[in-house]
Protein chains: 2
Amino acid sequence: MARGYNVAVVGATGAVGKEMLKVLEQRNFPIRNLRALASERSEGKILEFAGESLKVERLTTSSFEGIEIALFSAGASVSREFSPIAAKRGAVVVDNSKAFRMDKNTPLVVPEVNPHALRSHKGIIANPNCSTIQLVVAINPIHQRVKVKKLVVSTYQAVSGTGKEAIRELTEQSKQLLSRQKITKKVYPHQIAFNLLPHIGDFLPNGYTEEEMKLVNETRKIMEDESIAITATCVRVPVFNSHSEAVTLETEEKISVEEVRKILSRAPGVIVEDSPGQEIYPLPIKAAGRDEVFVGRIREDLSSPNGINMWIVADNLRKGAALNAVQIAELLIEQALL
Amino acid sequence: MARGYNVAVVGATGAVGKEMLKVLEQRNFPIRNLRALASERSEGKILEFAGESLKVERLTTSSFEGIEIALFSAGASVSREFSPIAAKRGAVVVDNSKAFRMDKNTPLVVPEVNPHALRSHKGIIANPNCSTIQLVVAINPIHQRVKVKKLVVSTYQAVSGTGKEAIRELTEQSKQLLSRQKITKKVYPHQIAFNLLPHIGDFLPNGYTEEEMKLVNETRKIMEDESIAITATCVRVPVFNSHSEAVTLETEEKISVEEVRKILSRAPGVIVEDSPGQEIYPLPIKAAGRDEVFVGRIREDLSSPNGINMWIVADNLRKGAALNAVQIAELLIEQALL
């Protein structure tokens, strides 16, 4: 029997943290001891893991004694403070915040795309942003074949990406509007129910949002090609779970729709759902709870000689966050990189 | 006092038909007699117009006796059958269906863009598709200045574009899901509440939907430039009203974000809402009920030397349908083209 590891989940009561626990359990991750860490507010809460109860402990500088793998999903400031502490105590950190993603000494890893980057880790590995992960899983197999030169991405992102309060806000506002009551707003600056917000993350001086620039910068880092031209528009939509992306890509050499379909049907972590005549194409409600990245609506870009359009959907809490982090931890074990 | 005209609205009980009546009333359109026409199913229904009741009559071949202006919004097959009859009886038809849009003898008109095309009409003028109208209103002023070479469009389209049954379906399914009941489906092939459908109109052999090809073909016809390269992905979103579009455009000459903003702030029918630092950008719920096309998120396309990104939102029932049709009728009167 494989040995078990001492694992900590930081931010265990959040939307991603809970999904991390679920994924660890579902994948029978080899655990000896599991520690659920969170802020003071959640201290003492009882979570369930593999049929047993798991008491949430408060995150402190001494939380990482004996921990070998620490999965962080508690925001960038918590990561900046506690990841280095955990790493110093000997844990390998897989960090789901933006804190270290663009740091050149920190690998940014999607196991299907750049598993080799793990080898250079110095105690912290960054987990990419949700919208980036599903994009590179679907694009990289094509890039390996005909080099992707350019990407235009429009996203349709679920509220679960913001967190559990946002899920509640969409639920509450929807109920309020359907019963003709005034809406209450806490999380988003504008109504999200039956509306769209072209605004995810803070605005930067170049007019892009942080989320849009994450897509640009993280994609280049993971695909290890700074020459890929990328632009993005990120939009929050009134969907509970799963992000969708309308993507137009331009390749160096011409590639046919049939060849793209063939490459993607063999690509790890990808499921091609592309029988529009039978009304089969990726849908957020169908991708929710699933591990794969779903790709459909594959067709020529009529505006470009070497262009392909596609529609990419994945569960943003699973492959877009928790699952990718756990897959990184599995790889660390497999490649003896702990 | 201006003389009044005998006006018929065909499809008067539909989502667009009702909006046509509302727009005629709000704009004090010079009406002598108004006839509300619909299918047998709606015969005898009472609508309201300018404080008076208006009885819905059944559409027959003799409905157009004495009619000078006929606004059609009852689907392509009704238009194909009855528009030529109305035109033969001397009415000028403004047709909101797809029936005649790409017919080379029928002008396809957006008053802000190609009013001159009206002059060649032969009794029928086509009103463009909703997603095309808002696009060309926002793009043409830039095209006039630096020629738009290429457009990549991702749409986020409201259910009202499908009709009143779709509005009901989104309402019902949302209520059902929020109270954990099974959903009922009638209009869309998949759940629309809290979901997205990358599927508007029938699928064509090239993998595009009809809606996507309307955007491509109608835009070129209205802007009178077959050389513009266009690709589109059209997605239905759980929003009641107003279509949104994430647009990336490439121009022949470089144009700055500031210049685009200046051009669009002076453009007819456009309102620039672009102060992201103050969380001001176009929103479907704010555009609903308004006449203008709202443009924001204007910024450089980082993937292209001559590229601009923008976010375009408009009420699809008003500027996207009813208002544009009534504006065409107003122009016909103004230019004595009846």
# chains A, B, ... in the order shown; residues from 1 in each chain; ligands from 1

$ residues_around --residues "Arg261 of chain A" --least-positions-apart "2" --cutoff "9 Å" --atoms "only C-alpha atoms" --output "MDAnalysis selection string"
chainID A and resid 256:259 263:266 272 274 296 298

$ interface_residues --of "chain A" --to "chain B" --cutoff "6 Å" --atoms "only C-alpha atoms" --output "list in words"
Phe194, Asn195, Gly207, Ala229, Ile230, Thr231, Pro238, Val239, Pro284, Arg299, Asp301, Leu302 and Ser303 of chain A

$ write_last_selection --atoms "N, CA and C atoms" --output "CSV table (one decimal), in the first residue's frame"
chain,number,residue,atom,x,y,z
A,194,PHE,N,-29.9,37.9,-14.0
A,194,PHE,CA,-30.4,38.3,-15.3
A,194,PHE,C,-29.7,39.5,-15.9
A,195,ASN,N,-28.4,39.6,-15.6
A,195,ASN,CA,-27.6,40.7,-16.1
A,195,ASN,C,-26.2,40.2,-16.4
A,207,GLY,N,-6.8,49.6,-19.3
A,207,GLY,CA,-8.2,49.4,-19.6
A,207,GLY,C,-8.6,48.0,-19.5
A,229,ALA,N,0.3,36.1,-29.3
A,229,ALA,CA,-0.5,37.4,-29.2
A,229,ALA,C,-1.9,37.0,-28.6
A,230,ILE,N,-2.3,37.7,-27.5
A,230,ILE,CA,-3.5,37.3,-26.9
A,230,ILE,C,-4.3,38.5,-26.5
A,231,THR,N,-5.6,38.5,-26.7
A,231,THR,CA,-6.4,39.6,-26.1
A,231,THR,C,-7.7,38.9,-25.5
A,238,PRO,N,-24.8,35.2,-15.2
A,238,PRO,CA,-25.6,34.7,-14.2
A,238,PRO,C,-25.7,33.1,-14.3
A,239,VAL,N,-24.6,32.5,-14.1
A,239,VAL,CA,-24.5,31.0,-14.2
A,239,VAL,C,-23.9,30.6,-12.8
A,284,PRO,N,-22.5,24.9,-19.7
A,284,PRO,CA,-22.1,25.0,-18.3
A,284,PRO,C,-22.8,24.0,-17.4
A,299,ARG,N,-14.9,25.2,-35.7
A,299,ARG,CA,-15.2,25.6,-37.1
A,299,ARG,C,-14.2,26.6,-37.6
A,301,ASP,N,-12.5,29.9,-38.7
A,301,ASP,CA,-12.7,31.3,-38.5
A,301,ASP,C,-12.8,32.0,-39.9
A,302,LEU,N,-14.0,32.4,-40.3
A,302,LEU,CA,-14.2,33.0,-41.6
A,302,LEU,C,-13.5,34.2,-41.9
A,303,SER,N,-12.9,34.8,-40.8
A,303,SER,CA,-12.2,36.1,-41.0
A,303,SER,C,-10.7,36.0,-41.2

$ calpha_fit_and_write --fixed "chain A" --moving "chain B" --output "compact mmCIF listing (two decimals) with C-alpha atoms, in the first residue's frame"
# COMPACT_ATOMS: atom_id res chain seq x y z
CA MET B 1 -0.11 0.05 0.11
CA ALA B 2 1.18 3.49 -0.77
CA ARG B 3 2.24 5.60 2.14
CA GLY B 4 0.04 8.47 3.18
CA TYR B 5 0.93 12.13 3.39
CA ASN B 6 0.16 14.84 5.86
CA VAL B 7 -1.96 17.31 3.96
CA ALA B 8 -3.29 20.74 4.85
CA VAL B 9 -6.04 22.60 3.02
CA VAL B 10 -5.87 26.34 3.68
CA GLY B 11 -9.16 28.14 3.10
CA ALA B 12 -11.02 24.89 3.66
CA THR B 13 -14.43 26.48 4.14
CA GLY B 14 -14.39 28.48 0.89
CA ALA B 15 -15.92 27.39 -2.42
CA VAL B 16 -12.59 26.12 -3.78
CA GLY B 17 -11.41 24.77 -0.42
CA LYS B 18 -14.50 22.61 -0.06
CA GLU B 19 -14.04 21.39 -3.61
CA MET B 20 -10.40 20.53 -2.79
CA LEU B 21 -11.57 18.30 0.07
CA LYS B 22 -14.14 16.68 -2.22
CA VAL B 23 -11.56 16.04 -4.94
CA LEU B 24 -9.01 14.62 -2.46
CA GLU B 25 -11.67 12.22 -1.23
CA GLN B 26 -13.00 11.27 -4.67
CA ARG B 27 -9.51 10.55 -6.02
CA ASN B 28 -8.45 8.58 -2.92
CA PHE B 29 -5.52 10.86 -2.42
CA PRO B 30 -3.02 9.08 -0.13
CA ILE B 31 -3.62 10.95 3.14
CA ARG B 32 -2.24 10.13 6.57
CA ASN B 33 -3.41 13.24 8.35
CA LEU B 34 -5.62 15.96 6.96
CA ARG B 35 -5.75 19.43 8.44
CA ALA B 36 -8.49 21.89 7.47
CA LEU B 37 -7.31 25.45 8.03
CA ALA B 38 -9.23 28.69 7.79
CA SER B 39 -9.56 32.12 9.34
CA GLU B 40 -10.65 32.72 12.91
CA ARG B 41 -14.22 33.17 11.69
CA SER B 42 -14.50 29.52 10.68
CA GLU B 43 -12.53 28.03 13.60
CA GLY B 44 -14.28 25.03 15.11
CA LYS B 45 -16.65 24.46 12.19
CA ILE B 46 -17.13 20.81 11.37
CA LEU B 47 -16.59 19.63 7.80
CA GLU B 48 -16.98 16.11 6.51
CA PHE B 49 -14.23 14.13 4.87
CA ALA B 50 -14.53 10.49 3.81
CA GLY B 51 -17.41 9.93 6.18
CA GLU B 52 -15.61 11.37 9.18
CA SER B 53 -15.86 14.78 10.70
CA LEU B 54 -13.03 17.22 10.28
CA LYS B 55 -12.71 20.17 12.63
CA VAL B 56 -11.60 23.44 11.08
CA GLU B 57 -8.51 24.85 12.77
CA ARG B 58 -7.42 28.44 12.75
CA LEU B 59 -4.53 29.21 10.42
CA THR B 60 -1.43 30.30 12.38
CA THR B 61 2.29 30.33 11.76
CA SER B 62 2.54 26.97 13.54
CA SER B 63 -0.18 25.26 11.48
CA PHE B 64 2.30 23.53 9.17
CA GLU B 65 4.24 21.40 11.68
CA GLY B 66 4.68 18.02 9.99
CA ILE B 67 2.68 19.00 6.90
CA GLU B 68 4.08 17.64 3.62
CA ILE B 69 1.56 19.05 1.15
CA ALA B 70 -0.35 22.31 1.65
CA LEU B 71 -3.10 23.28 -0.75
CA PHE B 72 -3.81 27.01 -0.43
CA SER B 73 -6.97 28.73 -1.56
CA ALA B 74 -7.51 31.62 0.82
CA GLY B 75 -6.65 34.65 -1.30
CA ALA B 76 -3.37 36.31 -2.26
CA SER B 77 -2.60 38.07 1.01
CA VAL B 78 -2.95 34.86 3.07
CA SER B 79 -0.76 33.09 0.51
CA ARG B 80 1.87 35.81 0.60
CA GLU B 81 2.05 35.57 4.37
CA PHE B 82 1.71 31.83 5.01
CA SER B 83 2.97 30.00 1.90
CA PRO B 84 6.63 30.84 2.59
CA ILE B 85 6.15 29.76 6.21
CA ALA B 86 4.68 26.42 5.13
CA ALA B 87 7.45 25.93 2.58
CA LYS B 88 10.11 26.75 5.19
CA ARG B 89 8.65 24.09 7.50
CA GLY B 90 9.16 21.56 4.71
CA ALA B 91 5.73 21.45 3.10
CA VAL B 92 5.34 21.77 -0.64
CA VAL B 93 2.66 24.41 -1.31
CA VAL B 94 0.24 24.33 -4.22
CA ASP B 95 -1.13 27.84 -4.19
CA ASN B 96 -4.38 28.75 -5.92
CA SER B 97 -4.03 32.53 -5.48
CA LYS B 98 -2.50 35.04 -7.84
CA ALA B 99 0.33 35.75 -5.35
CA PHE B 100 3.13 33.76 -7.02
CA ARG B 101 1.78 32.94 -10.46
CA MET B 102 3.90 35.41 -12.38
CA ASP B 103 6.94 35.08 -10.10
CA LYS B 104 9.70 33.75 -12.30
CA ASN B 105 10.99 31.42 -9.61
CA THR B 106 7.60 29.78 -9.13
CA PRO B 107 6.38 27.16 -11.60
CA LEU B 108 2.84 27.74 -12.89
CA VAL B 109 1.54 24.32 -13.79
CA VAL B 110 -1.26 22.59 -15.64
CA PRO B 111 -0.38 18.89 -15.55
CA GLU B 112 -1.66 18.21 -19.09
CA VAL B 113 0.45 21.06 -20.48
CA ASN B 114 3.73 21.68 -18.62
CA PRO B 115 4.29 18.96 -15.98
CA HIS B 116 8.07 19.28 -16.48
CA ALA B 117 7.95 22.79 -14.95
CA LEU B 118 7.35 21.15 -11.55
CA ARG B 119 10.93 19.94 -11.37
CA SER B 120 12.32 23.39 -10.65
CA HIS B 121 10.01 24.14 -7.73
CA LYS B 122 11.40 25.75 -4.58
CA GLY B 123 8.61 24.80 -2.22
CA ILE B 124 5.76 26.70 -3.87
CA ILE B 125 3.90 25.81 -7.06
CA ALA B 126 1.28 28.17 -8.42
CA ASN B 127 -2.07 26.91 -9.62
CA PRO B 128 -3.23 29.05 -12.60
CA ASN B 129 -6.40 31.09 -12.76
CA CYS B 130 -9.58 29.19 -13.66
CA SER B 131 -10.15 30.74 -17.08
CA THR B 132 -6.52 30.14 -18.07
CA ILE B 133 -6.49 26.44 -17.13
CA GLN B 134 -9.37 25.40 -19.37
CA LEU B 135 -7.98 27.52 -22.22
CA VAL B 136 -4.51 25.98 -22.23
CA VAL B 137 -5.79 22.42 -21.80
CA ALA B 138 -7.76 22.88 -25.03
CA ILE B 139 -5.28 25.04 -26.96
CA ASN B 140 -1.92 23.44 -26.17
CA PRO B 141 -2.51 20.21 -28.14
CA ILE B 142 -3.13 22.38 -31.23
CA HIS B 143 -0.14 24.59 -30.39
CA GLN B 144 2.10 21.51 -30.29
CA ARG B 145 1.01 20.63 -33.81
CA VAL B 146 0.83 23.96 -35.70
CA LYS B 147 1.88 26.73 -33.29
CA VAL B 148 -0.83 29.07 -32.13
CA LYS B 149 0.15 32.65 -33.03
CA LYS B 150 -2.85 34.55 -31.76
CA LEU B 151 -5.84 34.12 -29.44
CA VAL B 152 -8.96 36.25 -29.07
CA VAL B 153 -10.92 35.11 -26.02
CA SER B 154 -14.34 36.21 -24.75
CA THR B 155 -15.32 34.61 -21.48
CA TYR B 156 -18.68 33.83 -19.89
CA GLN B 157 -17.73 33.23 -16.24
CA ALA B 158 -19.82 31.71 -13.48
CA VAL B 159 -20.36 33.35 -10.10
CA SER B 160 -18.78 30.44 -8.19
CA GLY B 161 -15.45 31.87 -9.37
CA THR B 162 -16.05 34.79 -7.02
CA GLY B 163 -16.89 32.54 -4.08
CA LYS B 164 -19.75 31.22 -2.04
CA GLU B 165 -21.12 34.70 -1.19
CA ALA B 166 -21.54 35.32 -4.92
CA ILE B 167 -23.47 32.08 -5.33
CA ARG B 168 -25.75 33.28 -2.57
CA GLU B 169 -26.04 36.72 -4.20
CA LEU B 170 -27.14 35.27 -7.55
CA THR B 171 -29.67 33.05 -5.77
CA GLU B 172 -31.06 35.86 -3.63
CA GLN B 173 -31.25 38.46 -6.38
CA SER B 174 -32.95 35.98 -8.74
CA LYS B 175 -35.58 35.23 -6.09
CA GLN B 176 -36.04 38.93 -5.35
CA LEU B 177 -36.49 39.86 -9.00
CA LEU B 178 -38.86 36.96 -9.69
CA SER B 179 -41.06 38.11 -6.83
CA ARG B 180 -40.73 41.76 -7.86
CA GLN B 181 -38.81 42.82 -4.75
CA LYS B 182 -35.92 45.22 -4.57
CA ILE B 183 -32.58 43.48 -4.87
CA THR B 184 -29.80 43.50 -2.30
CA LYS B 185 -26.16 43.84 -3.39
CA LYS B 186 -23.10 42.83 -1.41
CA VAL B 187 -20.56 41.14 -3.64
CA TYR B 188 -20.87 42.70 -7.09
CA PRO B 189 -21.10 46.43 -7.83
CA HIS B 190 -24.19 45.85 -10.02
CA GLN B 191 -27.05 43.37 -10.17
CA ILE B 192 -25.78 39.99 -11.41
CA ALA B 193 -29.13 38.15 -11.71
CA PHE B 194 -30.43 38.33 -15.31
CA ASN B 195 -27.57 40.69 -16.13
CA LEU B 196 -23.94 40.62 -17.32
CA LEU B 197 -20.88 42.36 -15.85
CA PRO B 198 -17.95 43.05 -18.19
CA HIS B 199 -15.80 43.43 -15.11
CA ILE B 200 -13.84 40.67 -13.34
CA GLY B 201 -11.08 41.78 -10.99
CA ASP B 202 -9.75 45.31 -10.71
CA PHE B 203 -9.25 47.58 -13.69
CA LEU B 204 -5.66 48.26 -14.75
CA PRO B 205 -4.24 51.39 -16.42
CA ASN B 206 -4.38 49.78 -19.89
CA GLY B 207 -8.16 49.39 -19.62
CA TYR B 208 -8.00 45.64 -19.11
CA THR B 209 -9.15 43.94 -15.94
CA GLU B 210 -6.83 41.82 -13.81
CA GLU B 211 -8.72 38.73 -14.96
CA GLU B 212 -8.14 39.60 -18.62
CA MET B 213 -4.42 40.14 -18.07
CA LYS B 214 -4.18 36.85 -16.14
CA LEU B 215 -5.44 35.09 -19.25
CA VAL B 216 -2.84 36.87 -21.37
CA ASN B 217 0.17 36.45 -19.06
CA GLU B 218 -0.49 33.04 -17.52
CA THR B 219 -1.26 31.45 -20.89
CA ARG B 220 2.11 32.57 -22.24
CA LYS B 221 3.94 31.37 -19.14
CA ILE B 222 2.31 27.92 -19.08
CA MET B 223 2.66 27.38 -22.82
CA GLU B 224 6.23 28.69 -22.57
CA ASP B 225 5.83 30.98 -25.54
CA GLU B 226 5.96 34.72 -24.98
CA SER B 227 5.30 35.34 -28.67
CA ILE B 228 1.64 34.29 -28.60
CA ALA B 229 -0.51 37.37 -29.19
CA ILE B 230 -3.52 37.29 -26.86
CA THR B 231 -6.44 39.55 -26.10
CA ALA B 232 -9.39 38.88 -23.82
CA THR B 233 -12.71 40.24 -22.63
CA CYS B 234 -13.91 38.69 -19.38
CA VAL B 235 -17.58 38.82 -18.49
CA ARG B 236 -19.42 37.58 -15.41
CA VAL B 237 -22.68 35.84 -16.32
CA PRO B 238 -25.61 34.66 -14.15
CA VAL B 239 -24.53 31.02 -14.16
CA PHE B 240 -23.70 29.22 -10.92
CA ASN B 241 -20.86 27.03 -12.06
CA SER B 242 -18.58 26.39 -15.08
CA HIS B 243 -16.80 29.01 -17.14
CA SER B 244 -17.30 29.18 -20.90
CA GLU B 245 -15.03 30.74 -23.50
CA ALA B 246 -15.56 31.74 -27.13
CA VAL B 247 -12.08 31.45 -28.60
CA THR B 248 -10.71 32.43 -32.00
CA LEU B 249 -7.21 31.19 -32.65
CA GLU B 250 -4.82 31.81 -35.49
CA THR B 251 -2.17 29.21 -36.25
CA GLU B 252 1.13 29.53 -38.07
CA GLU B 253 0.22 26.74 -40.48
CA LYS B 254 -3.27 26.03 -41.75
CA ILE B 255 -5.07 23.29 -39.83
CA SER B 256 -8.44 21.82 -40.77
CA VAL B 257 -11.46 21.58 -38.51
CA GLU B 258 -11.31 17.78 -38.86
CA GLU B 259 -7.70 17.70 -37.71
CA VAL B 260 -8.42 19.94 -34.71
CA ARG B 261 -11.27 17.62 -33.77
CA LYS B 262 -8.98 14.59 -34.11
CA ILE B 263 -6.19 16.15 -32.05
CA LEU B 264 -8.57 17.25 -29.30
CA SER B 265 -10.38 13.91 -29.09
CA ARG B 266 -7.05 12.33 -28.16
CA ALA B 267 -5.89 15.15 -25.91
CA PRO B 268 -5.61 14.43 -22.18
CA GLY B 269 -8.37 15.98 -20.09
CA VAL B 270 -10.42 17.08 -23.11
CA ILE B 271 -13.81 15.85 -24.30
CA VAL B 272 -15.00 16.96 -27.72
CA GLU B 273 -18.76 17.60 -27.73
CA ASP B 274 -19.43 18.77 -31.23
CA SER B 275 -22.52 17.41 -32.94
CA PRO B 276 -24.49 20.60 -33.39
CA GLY B 277 -27.04 18.89 -35.67
CA GLN B 278 -28.05 16.84 -32.62
CA GLU B 279 -27.86 19.90 -30.38
CA ILE B 280 -24.72 18.59 -28.73
CA TYR B 281 -22.22 21.27 -27.69
CA PRO B 282 -20.62 22.11 -24.36
CA LEU B 283 -22.97 23.57 -21.75
CA PRO B 284 -22.08 24.98 -18.32
CA ILE B 285 -24.75 22.95 -16.53
CA LYS B 286 -23.40 19.73 -18.05
CA ALA B 287 -19.73 20.50 -17.36
CA ALA B 288 -20.48 21.26 -13.69
CA GLY B 289 -19.15 18.50 -11.45
CA ARG B 290 -17.06 17.02 -14.27
CA ASP B 291 -13.26 16.84 -14.46
CA GLU B 292 -12.72 17.38 -18.18
CA VAL B 293 -12.56 20.43 -20.39
CA PHE B 294 -15.35 20.30 -22.98
CA VAL B 295 -14.78 21.66 -26.48
CA GLY B 296 -17.30 22.16 -29.25
CA ARG B 297 -18.48 24.55 -31.98
CA ILE B 298 -15.17 23.85 -33.72
CA ARG B 299 -15.21 25.59 -37.10
CA GLU B 300 -13.14 27.72 -39.42
CA ASP B 301 -12.73 31.37 -38.53
CA LEU B 302 -14.23 32.97 -41.62
CA SER B 303 -12.23 36.14 -41.04
CA SER B 304 -8.79 34.57 -41.27
CA PRO B 305 -7.04 32.08 -43.57
CA ASN B 306 -5.51 30.14 -40.65
CA GLY B 307 -8.19 30.60 -38.03
CA ILE B 308 -10.26 28.24 -35.91
CA ASN B 309 -13.16 29.08 -33.60
CA MET B 310 -14.17 26.97 -30.63
CA TRP B 311 -16.30 27.02 -27.49
CA ILE B 312 -14.57 25.76 -24.35
CA VAL B 313 -16.42 24.94 -21.11
CA ALA B 314 -15.14 23.55 -17.81
CA ASP B 315 -16.08 23.41 -14.16
CA ASN B 316 -14.14 26.37 -12.79
CA LEU B 317 -14.06 25.00 -9.23
CA ARG B 318 -12.76 21.59 -10.34
CA LYS B 319 -10.40 21.67 -13.35
CA GLY B 320 -10.27 25.46 -12.99
CA ALA B 321 -9.05 25.24 -9.38
CA ALA B 322 -9.33 22.31 -6.95
CA LEU B 323 -8.78 19.41 -9.33
CA ASN B 324 -5.77 21.03 -11.01
CA ALA B 325 -4.21 21.66 -7.58
CA VAL B 326 -4.74 18.05 -6.49
CA GLN B 327 -3.40 16.78 -9.83
CA ILE B 328 -0.26 18.85 -9.19
CA ALA B 329 0.05 17.24 -5.74
CA GLU B 330 -0.35 13.78 -7.33
CA LEU B 331 2.40 14.58 -9.83
CA LEU B 332 4.68 15.74 -7.02
CA ILE B 333 4.26 12.34 -5.38
CA GLU B 334 4.58 10.42 -8.65
CA GLN B 335 7.77 12.23 -9.63
CA ALA B 336 9.17 12.14 -6.08
CA LEU B 337 9.36 15.92 -5.99
CA LEU B 338 8.05 16.41 -2.46

$ select_by_dssp --residues "segment 189-308 of chain B" --states "strand (DSSP E or B)" --output "PyMOL selection string"
chain B and resi 197+203+209+229-233+236+243-251+270-272+275+280+293-300+307-308

$ select_by_dssp --residues "segment 53-135 of chain A" --states "alpha helix (DSSP H)" --output "VMD selection string"
chain A and resid 76 to 88 130 to 135

$ write_last_selection --atoms "N, CA and C atoms" --output "PDB file, in the first residue's frame"
ATOM      1  N   ALA A  76      -4.782  36.007  -2.040  1.00  0.00           N
ATOM      2  CA  ALA A  76      -3.368  36.312  -2.268  1.00  0.00           C
ATOM      3  C   ALA A  76      -2.650  36.775  -1.003  1.00  0.00           C
ATOM      4  N   SER A  77      -3.319  37.533  -0.146  1.00  0.00           N
ATOM      5  CA  SER A  77      -2.584  38.063   1.007  1.00  0.00           C
ATOM      6  C   SER A  77      -2.270  36.953   2.016  1.00  0.00           C
ATOM      7  N   VAL A  78      -3.216  36.030   2.196  1.00  0.00           N
ATOM      8  CA  VAL A  78      -2.946  34.866   3.056  1.00  0.00           C
ATOM      9  C   VAL A  78      -1.800  34.047   2.461  1.00  0.00           C
ATOM     10  N   SER A  79      -1.819  33.864   1.151  1.00  0.00           N
ATOM     11  CA  SER A  79      -0.756  33.090   0.508  1.00  0.00           C
ATOM     12  C   SER A  79       0.594  33.776   0.672  1.00  0.00           C
ATOM     13  N   ARG A  80       0.614  35.075   0.469  1.00  0.00           N
ATOM     14  CA  ARG A  80       1.884  35.799   0.588  1.00  0.00           C
ATOM     15  C   ARG A  80       2.460  35.657   1.988  1.00  0.00           C
ATOM     16  N   GLU A  81       1.579  35.660   2.989  1.00  0.00           N
ATOM     17  CA  GLU A  81       2.062  35.558   4.365  1.00  0.00           C
ATOM     18  C   GLU A  81       2.420  34.110   4.744  1.00  0.00           C
ATOM     19  N   PHE A  82       1.541  33.170   4.421  1.00  0.00           N
ATOM     20  CA  PHE A  82       1.704  31.825   4.992  1.00  0.00           C
ATOM     21  C   PHE A  82       2.370  30.791   4.080  1.00  0.00           C
ATOM     22  N   SER A  83       2.322  30.986   2.757  1.00  0.00           N
ATOM     23  CA  SER A  83       2.958  29.990   1.880  1.00  0.00           C
ATOM     24  C   SER A  83       4.454  29.844   2.178  1.00  0.00           C
ATOM     25  N   PRO A  84       5.185  30.970   2.285  1.00  0.00           N
ATOM     26  CA  PRO A  84       6.619  30.828   2.570  1.00  0.00           C
ATOM     27  C   PRO A  84       6.875  30.155   3.914  1.00  0.00           C
ATOM     28  N   ILE A  85       6.006  30.406   4.888  1.00  0.00           N
ATOM     29  CA  ILE A  85       6.154  29.759   6.200  1.00  0.00           C
ATOM     30  C   ILE A  85       5.983  28.249   6.054  1.00  0.00           C
ATOM     31  N   ALA A  86       4.923  27.859   5.334  1.00  0.00           N
ATOM     32  CA  ALA A  86       4.668  26.426   5.122  1.00  0.00           C
ATOM     33  C   ALA A  86       5.836  25.780   4.389  1.00  0.00           C
ATOM     34  N   ALA A  87       6.338  26.473   3.359  1.00  0.00           N
ATOM     35  CA  ALA A  87       7.449  25.925   2.571  1.00  0.00           C
ATOM     36  C   ALA A  87       8.701  25.777   3.437  1.00  0.00           C
ATOM     37  N   LYS A  88       8.919  26.767   4.293  1.00  0.00           N
ATOM     38  CA  LYS A  88      10.094  26.739   5.176  1.00  0.00           C
ATOM     39  C   LYS A  88      10.032  25.555   6.146  1.00  0.00           C
ATOM     40  N   CYS A 130      -8.580  30.092 -13.070  1.00  0.00           N
ATOM     41  CA  CYS A 130      -9.585  29.199 -13.651  1.00  0.00           C
ATOM     42  C   CYS A 130      -9.728  29.337 -15.163  1.00  0.00           C
ATOM     43  N   SER A 131      -9.884  30.574 -15.639  1.00  0.00           N
ATOM     44  CA  SER A 131     -10.151  30.759 -17.070  1.00  0.00           C
ATOM     45  C   SER A 131      -8.924  30.414 -17.913  1.00  0.00           C
ATOM     46  N   THR A 132      -7.734  30.515 -17.321  1.00  0.00           N
ATOM     47  CA  THR A 132      -6.519  30.143 -18.052  1.00  0.00           C
ATOM     48  C   THR A 132      -6.414  28.625 -18.197  1.00  0.00           C
ATOM     49  N   ILE A 133      -6.703  27.903 -17.114  1.00  0.00           N
ATOM     50  CA  ILE A 133      -6.489  26.451 -17.131  1.00  0.00           C
ATOM     51  C   ILE A 133      -7.268  25.800 -18.265  1.00  0.00           C
ATOM     52  N   GLN A 134      -8.569  26.081 -18.343  1.00  0.00           N
ATOM     53  CA  GLN A 134      -9.365  25.405 -19.369  1.00  0.00           C
ATOM     54  C   GLN A 134      -8.927  25.811 -20.769  1.00  0.00           C
ATOM     55  N   LEU A 135      -8.461  27.045 -20.906  1.00  0.00           N
ATOM     56  CA  LEU A 135      -7.991  27.512 -22.215  1.00  0.00           C
ATOM     57  C   LEU A 135      -6.754  26.732 -22.655  1.00  0.00           C
TER      58      LEU A 135
END
